$ cat coords13.pdb   # PDB, C-alpha atoms, pLDDT in the B column
ATOM      1  CA  MET A  12      10.103  12.097  21.001  1.00 53.00           C
ATOM      2  CA  SER A  13      11.550  10.102  18.154  1.00 63.00           C
ATOM      3  CA  THR A  14      15.186   9.214  17.826  1.00 76.00           C
ATOM      4  CA  LEU A  15      17.321  10.039  14.815  1.00 72.00           C
ATOM      5  CA  SER A  16      17.042   6.488  13.470  1.00 88.00           C
ATOM      6  CA  GLU A  17      13.235   6.611  13.769  1.00 85.00           C
ATOM      7  CA  ARG A  18      13.181   9.899  11.872  1.00 87.00           C
ATOM      8  CA  GLU A  19      15.473   8.461   9.211  1.00 89.00           C
ATOM      9  CA  MET A  20      13.247   5.380   8.904  1.00 87.00           C
ATOM     10  CA  ARG A  21      10.140   7.551   8.581  1.00 88.00           C
ATOM     11  CA  LYS A  22      11.835   9.714   5.960  1.00 92.00           C
ATOM     12  CA  LYS A  23      12.773   6.582   3.994  1.00 90.00           C
ATOM     13  CA  ILE A  24       9.201   5.263   4.210  1.00 89.00           C
ATOM     14  CA  ASP A  25       7.840   8.665   3.131  1.00 92.00           C
ATOM     15  CA  GLU A  26      10.098   8.589   0.070  1.00 93.00           C
ATOM     16  CA  GLU A  27       9.096   5.018  -0.780  1.00 90.00           C
ATOM     17  CA  ILE A  28       5.404   5.892  -0.519  1.00 91.00           C
ATOM     18  CA  LEU A  29       5.862   8.969  -2.705  1.00 93.00           C
ATOM     19  CA  ASN A  30       7.548   6.796  -5.352  1.00 95.00           C
ATOM     20  CA  ALA A  31       5.294   3.741  -4.962  1.00 93.00           C
ATOM     21  CA  THR A  32       3.453   2.034  -7.774  1.00 93.00           C
ATOM     22  CA  PRO A  33      -0.280   2.609  -8.136  1.00 95.00           C
ATOM     23  CA  GLU A  34      -0.849  -1.025  -7.115  1.00 94.00           C
ATOM     24  CA  PHE A  35       1.078  -0.586  -3.882  1.00 91.00           C
ATOM     25  CA  LEU A  36      -0.742   2.671  -3.128  1.00 92.00           C
ATOM     26  CA  GLU A  37      -4.079   0.898  -3.571  1.00 93.00           C
ATOM     27  CA  LYS A  38      -2.961  -1.772  -1.128  1.00 90.00           C
ATOM     28  CA  LEU A  39      -1.793   0.902   1.315  1.00 88.00           C
ATOM     29  CA  GLN A  40      -5.137   2.689   1.039  1.00 90.00           C
ATOM     30  CA  LYS A  41      -7.038  -0.553   1.661  1.00 88.00           C
ATOM     31  CA  TYR A  42      -5.030  -1.338   4.802  1.00 85.00           C
ATOM     32  CA  ASP A  43      -5.398   2.261   5.959  1.00 85.00           C
ATOM     33  CA  GLN A  44      -9.173   2.183   5.593  1.00 85.00           C
ATOM     34  CA  GLU A  45      -9.397  -1.174   7.383  1.00 83.00           C
ATOM     35  CA  ASN A  46      -7.276   0.047  10.299  1.00 78.00           C
ATOM     36  CA  GLN A  47      -8.541   3.578  10.853  1.00 78.00           C
ATOM     37  CA  LEU A  48     -10.442   2.580  13.974  1.00 79.00           C
ATOM     38  CA  ASN A  49      -7.285   0.967  15.390  1.00 80.00           C
ATOM     39  CA  TYR A  50      -5.445   4.304  15.242  1.00 83.00           C
ATOM     40  CA  SER A  51      -2.630   2.716  13.262  1.00 82.00           C
ATOM     41  CA  THR A  52      -0.120   5.136  11.806  1.00 86.00           C
ATOM     42  CA  ILE A  53       0.822   5.074   8.133  1.00 85.00           C
ATOM     43  CA  TYR A  54       4.229   3.751   9.204  1.00 86.00           C
ATOM     44  CA  GLU A  55       2.683   0.802  11.046  1.00 87.00           C
ATOM     45  CA  ILE A  56       0.457   0.040   8.072  1.00 86.00           C
ATOM     46  CA  TYR A  57       3.400   0.286   5.671  1.00 87.00           C
ATOM     47  CA  SER A  58       5.421  -2.104   7.839  1.00 87.00           C
ATOM     48  CA  THR A  59       2.528  -4.558   7.948  1.00 86.00           C
ATOM     49  CA  ILE A  60       2.262  -4.603   4.165  1.00 87.00           C
ATOM     50  CA  ILE A  61       6.007  -4.990   3.639  1.00 87.00           C
ATOM     51  CA  ASN A  62       6.230  -7.792   6.210  1.00 87.00           C
ATOM     52  CA  SER A  63       3.258  -9.628   4.707  1.00 86.00           C
ATOM     53  CA  GLU A  64       4.811  -9.395   1.238  1.00 82.00           C
ATOM     54  CA  LYS A  65       8.100 -10.763   2.558  1.00 78.00           C
ATOM     55  CA  THR A  66       6.251 -13.667   4.192  1.00 74.00           C
ATOM     56  CA  VAL A  67       4.355 -14.475   0.991  1.00 68.00           C
ATOM     57  CA  SER A  68       7.546 -14.197  -1.048  1.00 66.00           C
ATOM     58  CA  ALA A  69       9.463 -16.487   1.329  1.00 66.00           C
ATOM     59  CA  LYS A  70       6.667 -19.072   1.261  1.00 65.00           C
ATOM     60  CA  SER A  71       6.503 -19.104  -2.530  1.00 67.00           C
ATOM     61  CA  LYS A  72      10.285 -19.514  -2.786  1.00 65.00           C
ATOM     62  CA  SER A  73      10.261 -22.520  -0.448  1.00 65.00           C
ATOM     63  CA  LYS A  74       7.754 -24.429  -2.637  1.00 58.00           C
TER      64      LYS A  74
END
$ encode --input "coords13.pdb" --output "structure tokens"
Amino acid sequence: MSTLSEREMRKKIDEEILNATPEFLEKLQKYDQENQLNYSTIYEIYSTIINSEKTVSAKSKSK
């Protein structure tokens, strides 16, 4: 059973995915296809992409 904050987070992610750019959706689809056998949820995949983008962004800012 998910808590209210988990439901709110999932709703926010759903809205962001619905309003995402085509480039981001392609990236999401790629990660989804690569992780289907891992039984990863769309929320886990979304978080992975966002965290990897933050890491890349932080690294490029520190150079």
$ resolve_selection --input "coords13.pdb" --expression "the PyMOL selection byres ((chain A and resi 53) around 10)" --output "number ranges by chain"
A: 21, 24-25, 28, 39-40, 42-43, 46-47, 50-52, 54-59
$ atom_distance --input "coords13.pdb" --atom1 "CA of Gln44 (chain A)" --atom2 "CA of Ile60 (chain A)"
13.4 Å
$ atom_distance --input "coords13.pdb" --atom1 "CA of Met20 (chain A)" --atom2 "CA of Ile61 (chain A)"
13.7 Å
$ atom_distance --input "coords13.pdb" --atom1 "CA of Ser63 (chain A)" --atom2 "CA of Lys38 (chain A)"
11.6 Å
